[in-house]
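Source file: data-v7.csv (CSV, N, CA, C and O atoms)
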chain,number,residue,atom,x,y,z
G,1,MET,N,-2.0,146.3,-143.3
G,1,MET,CA,-1.5,145.1,-142.8
G,1,MET,C,0.0,145.0,-142.9
G,1,MET,O,0.6,145.6,-143.8
G,2,PHE,N,0.6,144.4,-141.9
G,2,PHE,CA,2.1,144.2,-141.9
G,2,PHE,C,2.4,142.7,-141.8
G,2,PHE,O,1.6,141.9,-141.3
G,3,ASN,N,3.6,142.3,-142.2
G,3,ASN,CA,4.0,140.9,-142.1
G,3,ASN,C,4.7,140.7,-140.8
G,3,ASN,O,5.3,141.6,-140.2
G,4,PHE,N,4.6,139.4,-140.3
G,4,PHE,CA,5.4,139.1,-139.1
G,4,PHE,C,5.9,137.6,-139.3
G,4,PHE,O,5.4,136.9,-140.1
G,5,SER,N,7.0,137.3,-138.6
G,5,SER,CA,7.5,135.9,-138.6
G,5,SER,C,8.2,135.7,-137.3
G,5,SER,O,8.7,136.6,-136.7
G,6,ALA,N,8.2,134.5,-136.9
G,6,ALA,CA,8.8,134.1,-135.6
G,6,ALA,C,9.3,132.7,-135.7
G,6,ALA,O,8.7,131.8,-136.4
G,7,ASN,N,10.4,132.4,-135.1
G,7,ASN,CA,11.0,131.0,-135.1
G,7,ASN,C,11.0,130.5,-133.6
G,7,ASN,O,10.9,131.3,-132.7
G,8,HIS,N,11.3,129.2,-133.5
G,8,HIS,CA,11.5,128.5,-132.2
G,8,HIS,C,10.2,128.7,-131.4
G,8,HIS,O,10.3,128.9,-130.2
G,9,LEU,N,9.1,128.5,-132.0
G,9,LEU,CA,7.8,128.6,-131.3
G,9,LEU,C,7.3,127.2,-130.9
G,9,LEU,O,7.3,126.3,-131.7
G,10,PHE,N,6.8,127.1,-129.7
G,10,PHE,CA,6.3,125.8,-129.2
G,10,PHE,C,4.8,126.0,-128.8
G,10,PHE,O,4.5,127.1,-128.1
G,11,LEU,N,4.0,125.1,-129.0
G,11,LEU,CA,2.5,125.1,-128.7
G,11,LEU,C,2.3,125.1,-127.2
G,11,LEU,O,2.8,124.2,-126.5
G,12,LEU,N,1.6,126.1,-126.7
G,12,LEU,CA,1.1,126.0,-125.3
G,12,LEU,C,-0.3,125.5,-125.2
G,12,LEU,O,-0.6,124.6,-124.5
G,13,THR,N,-1.2,126.2,-126.0
G,13,THR,CA,-2.6,125.7,-126.1
G,13,THR,C,-3.2,126.0,-127.4
G,13,THR,O,-2.7,126.8,-128.2
G,14,ARG,N,-4.3,125.3,-127.7
G,14,ARG,CA,-5.1,125.5,-128.9
G,14,ARG,C,-6.5,125.6,-128.5
G,14,ARG,O,-7.0,124.7,-127.8
G,15,THR,N,-7.3,126.6,-128.9
G,15,THR,CA,-8.7,126.7,-128.6
G,15,THR,C,-9.4,126.9,-129.9
G,15,THR,O,-9.1,127.7,-130.7
G,16,GLU,N,-10.5,126.1,-130.0
G,16,GLU,CA,-11.3,126.0,-131.3
G,16,GLU,C,-12.6,126.9,-131.0
G,16,GLU,O,-13.2,126.7,-130.0
G,17,TYR,N,-12.9,127.7,-132.0
G,17,TYR,CA,-14.1,128.5,-132.0
G,17,TYR,C,-14.8,128.2,-133.3
G,17,TYR,O,-14.2,127.7,-134.2
G,18,PRO,N,-16.1,128.6,-133.4
G,18,PRO,CA,-16.8,128.2,-134.6
G,18,PRO,C,-16.2,128.8,-135.9
G,18,PRO,O,-16.2,128.1,-136.9
G,19,ARG,N,-15.6,130.0,-135.9
G,19,ARG,CA,-15.1,130.6,-137.1
G,19,ARG,C,-13.6,130.6,-137.2
G,19,ARG,O,-13.0,130.9,-138.3
G,20,TYR,N,-12.9,130.2,-136.2
G,20,TYR,CA,-11.4,130.3,-136.2
G,20,TYR,C,-10.8,129.4,-135.0
G,20,TYR,O,-11.6,129.0,-134.1
G,21,ALA,N,-9.5,129.2,-135.1
G,21,ALA,CA,-8.8,128.6,-134.0
G,21,ALA,C,-7.7,129.6,-133.5
G,21,ALA,O,-7.2,130.4,-134.2
G,22,VAL,N,-7.5,129.5,-132.2
G,22,VAL,CA,-6.5,130.4,-131.6
G,22,VAL,C,-5.4,129.5,-131.0
G,22,VAL,O,-5.7,128.6,-130.2
G,23,PHE,N,-4.1,129.8,-131.3
G,23,PHE,CA,-3.0,129.1,-130.8
G,23,PHE,C,-2.2,130.0,-129.9
G,23,PHE,O,-2.0,131.2,-130.3
G,24,LEU,N,-1.8,129.6,-128.7
G,24,LEU,CA,-0.8,130.3,-127.9
G,24,LEU,C,0.5,129.5,-128.1
G,24,LEU,O,0.6,128.3,-127.8
G,25,LEU,N,1.5,130.3,-128.6
G,25,LEU,CA,2.8,129.7,-128.9
G,25,LEU,C,3.8,130.5,-128.1
G,25,LEU,O,3.7,131.7,-128.1
G,26,GLN,N,4.8,129.8,-127.6
G,26,GLN,CA,5.9,130.5,-126.8
G,26,GLN,C,7.2,130.4,-127.6
G,26,GLN,O,7.6,129.3,-128.0
G,27,ASP,N,7.9,131.5,-127.7
G,27,ASP,CA,9.2,131.6,-128.2
G,27,ASP,C,10.1,131.2,-127.1
G,27,ASP,O,10.2,131.9,-126.1
G,28,ARG,N,10.8,130.1,-127.2
G,28,ARG,CA,11.7,129.6,-126.2
G,28,ARG,C,13.0,130.4,-126.0
G,28,ARG,O,13.6,130.4,-124.9
G,29,ASP,N,13.3,131.3,-127.0
G,29,ASP,CA,14.5,132.1,-126.8
G,29,ASP,C,14.2,133.4,-126.0
G,29,ASP,O,14.9,133.7,-125.1
G,30,THR,N,13.1,134.0,-126.3
G,30,THR,CA,12.7,135.3,-125.7
G,30,THR,C,11.7,135.1,-124.6
G,30,THR,O,11.4,136.1,-123.9
G,31,GLN,N,11.0,133.9,-124.5
G,31,GLN,CA,10.0,133.6,-123.5
G,31,GLN,C,8.7,134.4,-123.8
G,31,GLN,O,7.8,134.4,-123.0
G,32,ARG,N,8.6,135.1,-125.0
G,32,ARG,CA,7.4,135.8,-125.4
G,32,ARG,C,6.3,134.7,-125.8
G,32,ARG,O,6.6,133.7,-126.3
G,33,VAL,N,5.1,135.1,-125.5
G,33,VAL,CA,3.9,134.2,-125.9
G,33,VAL,C,3.1,135.0,-126.9
G,33,VAL,O,2.8,136.2,-126.7
G,34,TYR,N,2.8,134.3,-128.0
G,34,TYR,CA,2.1,134.9,-129.1
G,34,TYR,C,0.7,134.2,-129.2
G,34,TYR,O,0.6,133.0,-129.1
G,35,ARG,N,-0.3,135.0,-129.4
G,35,ARG,CA,-1.7,134.5,-129.7
G,35,ARG,C,-1.9,134.7,-131.2
G,35,ARG,O,-1.9,135.8,-131.7
G,36,LEU,N,-2.0,133.5,-131.8
G,36,LEU,CA,-2.1,133.5,-133.3
G,36,LEU,C,-3.4,133.0,-133.7
G,36,LEU,O,-3.9,132.0,-133.2
G,37,TYR,N,-4.0,133.6,-134.7
G,37,TYR,CA,-5.4,133.2,-135.2
G,37,TYR,C,-5.3,132.5,-136.5
G,37,TYR,O,-4.5,132.9,-137.4
G,38,ASP,N,-6.0,131.4,-136.6
G,38,ASP,CA,-6.1,130.6,-137.8
G,38,ASP,C,-7.5,130.6,-138.3
G,38,ASP,O,-8.3,129.8,-137.8
G,39,PHE,N,-7.8,131.5,-139.2
G,39,PHE,CA,-9.2,131.6,-139.7
G,39,PHE,C,-9.5,130.5,-140.7
G,39,PHE,O,-10.7,130.3,-141.0
G,40,THR,N,-8.5,129.8,-141.2
G,40,THR,CA,-8.8,128.6,-142.1
G,40,THR,C,-9.0,127.4,-141.3
G,40,THR,O,-9.6,126.4,-141.8
G,41,LYS,N,-8.6,127.3,-140.1
G,41,LYS,CA,-8.7,126.1,-139.2
G,41,LYS,C,-8.1,124.9,-139.8
G,41,LYS,O,-8.6,123.8,-139.6
G,42,VAL,N,-7.0,125.0,-140.5
G,42,VAL,CA,-6.3,123.9,-141.1
G,42,VAL,C,-4.9,123.7,-140.6
G,42,VAL,O,-4.3,122.7,-140.9
G,43,GLN,N,-4.4,124.5,-139.7
G,43,GLN,CA,-3.0,124.4,-139.2
G,43,GLN,C,-3.0,123.2,-138.2
G,43,GLN,O,-3.8,123.2,-137.3
G,44,LEU,N,-2.0,122.3,-138.4
G,44,LEU,CA,-1.8,121.2,-137.5
G,44,LEU,C,-0.5,121.4,-136.8
G,44,LEU,O,0.5,121.0,-137.2
G,45,ILE,N,-0.6,122.1,-135.6
G,45,ILE,CA,0.6,122.4,-134.8
G,45,ILE,C,0.6,121.4,-133.6
G,45,ILE,O,-0.4,121.3,-132.9
G,46,GLN,N,1.6,120.6,-133.5
G,46,GLN,CA,1.8,119.6,-132.5
G,46,GLN,C,2.6,120.1,-131.3
G,46,GLN,O,3.5,120.9,-131.5
G,47,PRO,N,2.3,119.5,-130.1
G,47,PRO,CA,3.1,119.9,-128.9
G,47,PRO,C,4.5,119.3,-129.1
G,47,PRO,O,4.8,118.4,-129.8
G,48,ASN,N,5.5,120.0,-128.4
G,48,ASN,CA,6.9,119.5,-128.3
G,48,ASN,C,7.6,119.5,-129.7
G,48,ASN,O,8.5,118.8,-129.9
G,49,VAL,N,7.1,120.4,-130.6
G,49,VAL,CA,7.8,120.5,-131.9
G,49,VAL,C,8.0,122.0,-132.1
G,49,VAL,O,7.1,122.8,-131.9
G,50,ALA,N,9.2,122.4,-132.5
G,50,ALA,CA,9.5,123.8,-132.8
G,50,ALA,C,9.0,124.2,-134.1
G,50,ALA,O,9.1,123.4,-135.1
G,51,TYR,N,8.4,125.4,-134.2
G,51,TYR,CA,7.8,125.8,-135.5
G,51,TYR,C,8.3,127.2,-135.9
G,51,TYR,O,8.6,128.0,-135.0
G,52,CYS,N,8.3,127.5,-137.2
G,52,CYS,CA,8.5,128.8,-137.8
G,52,CYS,C,7.1,129.2,-138.3
G,52,CYS,O,6.5,128.5,-139.0
G,53,VAL,N,6.7,130.4,-137.9
G,53,VAL,CA,5.3,130.9,-138.3
G,53,VAL,C,5.5,132.2,-139.0
G,53,VAL,O,6.2,133.1,-138.6
G,54,ALA,N,4.7,132.4,-140.0
G,54,ALA,CA,4.7,133.6,-140.8
G,54,ALA,C,3.2,134.0,-141.0
G,54,ALA,O,2.3,133.2,-141.0
G,55,GLY,N,3.0,135.3,-141.0
G,55,GLY,CA,1.6,135.8,-141.2
G,55,GLY,C,1.5,137.3,-141.3
G,55,GLY,O,2.4,137.9,-141.7
G,56,LYS,N,0.3,137.7,-141.0
G,56,LYS,CA,0.0,139.2,-141.2
G,56,LYS,C,-0.5,139.7,-139.8
G,56,LYS,O,-1.1,139.0,-139.0
G,57,VAL,N,-0.2,141.0,-139.6
G,57,VAL,CA,-0.7,141.7,-138.4
G,57,VAL,C,-1.9,142.5,-138.9
G,57,VAL,O,-1.8,143.3,-139.8
G,58,ASN,N,-3.1,142.1,-138.4
G,58,ASN,CA,-4.3,142.8,-138.8
G,58,ASN,C,-4.7,143.7,-137.6
G,58,ASN,O,-4.9,143.2,-136.5
G,59,SER,N,-4.8,145.0,-137.8
G,59,SER,CA,-5.0,145.9,-136.7
G,59,SER,C,-6.2,146.8,-137.0
G,59,SER,O,-6.0,148.0,-137.1
G,60,ALA,N,-7.4,146.3,-137.2
G,60,ALA,CA,-8.6,147.1,-137.4
G,60,ALA,C,-8.8,147.9,-136.1
G,60,ALA,O,-8.6,149.1,-136.0
G,61,ASP,N,-9.4,147.3,-135.1
G,61,ASP,CA,-9.6,147.9,-133.8
G,61,ASP,C,-8.9,147.1,-132.7
G,61,ASP,O,-8.7,147.6,-131.6
G,62,ARG,N,-8.5,145.9,-133.0
G,62,ARG,CA,-7.6,145.1,-132.1
G,62,ARG,C,-6.5,144.5,-132.9
G,62,ARG,O,-6.6,144.3,-134.1
G,63,LEU,N,-5.4,144.1,-132.2
G,63,LEU,CA,-4.3,143.6,-132.9
G,63,LEU,C,-4.5,142.1,-133.0
G,63,LEU,O,-4.7,141.4,-132.0
G,64,TYR,N,-4.4,141.5,-134.2
G,64,TYR,CA,-4.5,140.1,-134.5
G,64,TYR,C,-3.3,139.7,-135.3
G,64,TYR,O,-2.9,140.3,-136.3
G,65,LEU,N,-2.7,138.6,-134.9
G,65,LEU,CA,-1.6,137.9,-135.6
G,65,LEU,C,-2.3,136.8,-136.4
G,65,LEU,O,-2.7,135.8,-135.7
G,66,VAL,N,-2.4,136.9,-137.7
G,66,VAL,CA,-3.2,135.9,-138.5
G,66,VAL,C,-2.1,135.0,-139.2
G,66,VAL,O,-1.3,135.5,-139.9
G,67,ILE,N,-2.3,133.7,-139.0
G,67,ILE,CA,-1.3,132.8,-139.6
G,67,ILE,C,-1.5,132.6,-141.1
G,67,ILE,O,-2.6,132.4,-141.6
G,68,ASP,N,-0.4,132.8,-141.8
G,68,ASP,CA,-0.3,132.5,-143.2
G,68,ASP,C,0.3,131.1,-143.5
G,68,ASP,O,-0.2,130.3,-144.3
G,69,SER,N,1.4,130.8,-142.8
G,69,SER,CA,2.1,129.5,-143.0
G,69,SER,C,2.8,129.1,-141.7
G,69,SER,O,3.2,129.9,-140.9
G,70,VAL,N,2.9,127.8,-141.5
G,70,VAL,CA,3.6,127.2,-140.4
G,70,VAL,C,4.4,126.0,-141.0
G,70,VAL,O,4.0,125.3,-141.8
G,71,ARG,N,5.7,126.0,-140.5
G,71,ARG,CA,6.5,124.9,-140.9
G,71,ARG,C,7.4,124.5,-139.7
G,71,ARG,O,7.7,125.3,-138.8
G,72,PRO,N,7.9,123.2,-139.6
G,72,PRO,CA,8.8,122.9,-138.5
G,72,PRO,C,10.1,123.7,-138.6
G,72,PRO,O,10.6,124.0,-139.7
G,73,ASP,N,10.6,124.1,-137.4
G,73,ASP,CA,11.8,124.8,-137.3
G,73,ASP,C,13.0,123.8,-137.2
G,73,ASP,O,13.2,123.2,-136.2
G,74,THR,N,13.6,123.5,-138.3
G,74,THR,CA,14.6,122.5,-138.4
G,74,THR,C,15.9,122.9,-137.6
G,74,THR,O,16.7,122.0,-137.2
G,75,ARG,N,16.1,124.2,-137.3
G,75,ARG,CA,17.3,124.6,-136.6
G,75,ARG,C,17.1,124.3,-135.1
G,75,ARG,O,18.0,124.4,-134.3
G,76,HIS,N,15.8,124.2,-134.7
G,76,HIS,CA,15.5,123.9,-133.3
G,76,HIS,C,14.6,122.7,-133.2
G,76,HIS,O,13.6,122.7,-132.6
G,77,SER,N,15.1,121.6,-133.7
G,77,SER,CA,14.3,120.4,-133.9
G,77,SER,C,14.3,119.5,-132.7
G,77,SER,O,13.5,118.5,-132.6
G,78,ARG,N,15.2,119.7,-131.7
G,78,ARG,CA,15.1,118.8,-130.6
G,78,ARG,C,13.9,119.0,-129.7
G,78,ARG,O,13.4,120.1,-129.6
G,79,PRO,N,13.4,118.0,-129.1
G,79,PRO,CA,12.1,118.1,-128.3
G,79,PRO,C,12.3,119.1,-127.1
G,79,PRO,O,13.4,119.2,-126.6
G,80,SER,N,11.2,119.7,-126.8
G,80,SER,CA,11.2,120.6,-125.7
G,80,SER,C,11.1,119.8,-124.4
G,80,SER,O,10.5,118.7,-124.3
G,81,SER,N,11.7,120.3,-123.3
G,81,SER,CA,11.6,119.7,-122.0
G,81,SER,C,10.4,120.1,-121.2
G,81,SER,O,10.2,119.6,-120.1
G,82,VAL,N,9.7,121.1,-121.7
G,82,VAL,CA,8.5,121.6,-121.0
G,82,VAL,C,7.3,120.8,-121.4
G,82,VAL,O,7.0,120.6,-122.6
G,83,PRO,N,6.5,120.3,-120.4
G,83,PRO,CA,5.3,119.5,-120.8
G,83,PRO,C,4.3,120.3,-121.5
G,83,PRO,O,4.1,121.5,-121.2
G,84,ALA,N,3.6,119.7,-122.5
G,84,ALA,CA,2.5,120.3,-123.2
G,84,ALA,C,1.3,120.3,-122.4
G,84,ALA,O,1.0,119.4,-121.6
G,85,VAL,N,0.4,121.3,-122.5
G,85,VAL,CA,-0.9,121.4,-121.9
G,85,VAL,C,-1.9,120.6,-122.7
G,85,VAL,O,-2.0,120.7,-123.9
G,86,ALA,N,-2.6,119.6,-122.0
G,86,ALA,CA,-3.6,118.8,-122.7
G,86,ALA,C,-4.9,119.6,-122.8
G,86,ALA,O,-5.5,120.0,-121.8
G,87,ASP,N,-5.3,120.0,-124.0
G,87,ASP,CA,-6.5,120.8,-124.2
G,87,ASP,C,-7.4,120.2,-125.2
G,87,ASP,O,-8.3,120.9,-125.7
G,88,GLY,N,-7.2,119.0,-125.6
G,88,GLY,CA,-8.1,118.3,-126.6
G,88,GLY,C,-7.6,118.6,-128.0
G,88,GLY,O,-8.2,118.2,-128.9
G,89,ALA,N,-6.4,119.1,-128.1
G,89,ALA,CA,-5.9,119.4,-129.5
G,89,ALA,C,-4.8,118.4,-129.9
G,89,ALA,O,-3.9,118.7,-130.6
G,90,GLY,N,-4.9,117.2,-129.4
G,90,GLY,CA,-3.9,116.2,-129.8
G,90,GLY,C,-2.8,116.0,-128.8
G,90,GLY,O,-2.0,115.1,-129.0
G,91,GLY,N,-2.8,116.8,-127.7
G,91,GLY,CA,-1.7,116.6,-126.7
G,91,GLY,C,-2.0,115.5,-125.8
G,91,GLY,O,-3.1,114.9,-125.7
G,92,SER,N,-1.0,115.1,-125.0
G,92,SER,CA,-1.2,114.0,-124.0
G,92,SER,C,-1.3,114.6,-122.7
G,92,SER,O,-0.7,115.6,-122.4
G,93,PRO,N,-2.2,114.0,-121.8
G,93,PRO,CA,-2.3,114.6,-120.4
G,93,PRO,C,-1.0,114.5,-119.7
G,93,PRO,O,-0.2,113.5,-119.9
G,94,THR,N,-0.7,115.5,-118.9
G,94,THR,CA,0.5,115.4,-118.1
G,94,THR,C,0.2,115.1,-116.7
G,94,THR,O,-0.9,115.3,-116.2
G,95,GLY,N,1.1,114.5,-116.0
G,95,GLY,CA,0.8,114.2,-114.6
G,95,GLY,C,1.3,112.9,-114.2
G,95,GLY,O,1.8,112.0,-114.0

Could you write out this structure as C-alpha cells?
Amino acid sequence: MFNFSANHLFLLTRTEYPRYAVFLLQDRDTQRVYRLYDFTKVQLIQPNVAYCVAGKVNSADRLYLVIDSVRPDTRHSRPSSVPAVADGAGGSPTG
C-alpha cells in the first residue's frame, strides 16, 4: 500500500453501497476527479466545501483510493461557484 493526499477537493457525488460509500471529488486546481472509497461509512463530506483528503492506495487487482482522513481545506475555504449534484447525500437540488 502507498499513501496519497490531495487538497482543494470538492464533492461531485456520493453513492452508498451496503459495505462502503464512494465519493467522487474534483480537484479544482487540476480538474482531476478522484473516486474515493470509505469503508467505514463515517465521512461527512458536504457540497461546496473544499477538503483535504489523505488515505491509502490499495492495489490488489484494482486501484482503490481508501480514505483515512478528511478535513476542511482552510486555504481554499471560499465557496465553489459550481453547483453540487443532488444525489441524496445532503445536497440541495439544482435548477

Report as a tab-separated table: every residue of stretch 18-54 of chain G with an atom at most 6 Å from stretch 3-9 of chain G, its closest pair of atoms, and their distance in Å to one decimal, counting all atoms listed in the file, with rows sorted by chain and ascending residue number.
residue	atom	partner	partner_atom	distance
G:Leu25	C	G:Leu9	CA	5.5
G:Gln26	O	G:Leu9	CA	3.4
G:Asp27	CA	G:His8	O	3.5
G:Arg28	N	G:His8	O	3.3
G:Asp29	N	G:His8	O	5.0
G:Val49	O	G:Leu9	O	3.5
G:Ala50	CA	G:Leu9	O	3.5
G:Tyr51	N	G:Leu9	O	2.9
G:Cys52	CA	G:Ala6	O	3.3
G:Val53	N	G:Ala6	O	2.9
G:Ala54	CA	G:Phe4	O	3.4

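Computed from the coordinates, the atom CA of G:Pro47 to atom CA of G:Val70 distance equals 13.6 Å.
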
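If you look at atom N of G:Thr40 and atom C of G:Ser69, they are 11.3 Å away from each other.
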
Next item on the list: Would you work out the distance separating atom N of G:Asp73 from atom O of G:Ser59, expressed in Å to one decimal?
Entry: 29.1 Å

Item checked: Shell of 9 Å around G:Asp38, only C-alpha atoms, local chain residues under 2 positions omitted, as a PyMOL selection string -> chain G and resi 20-23+36+40-43+65-68
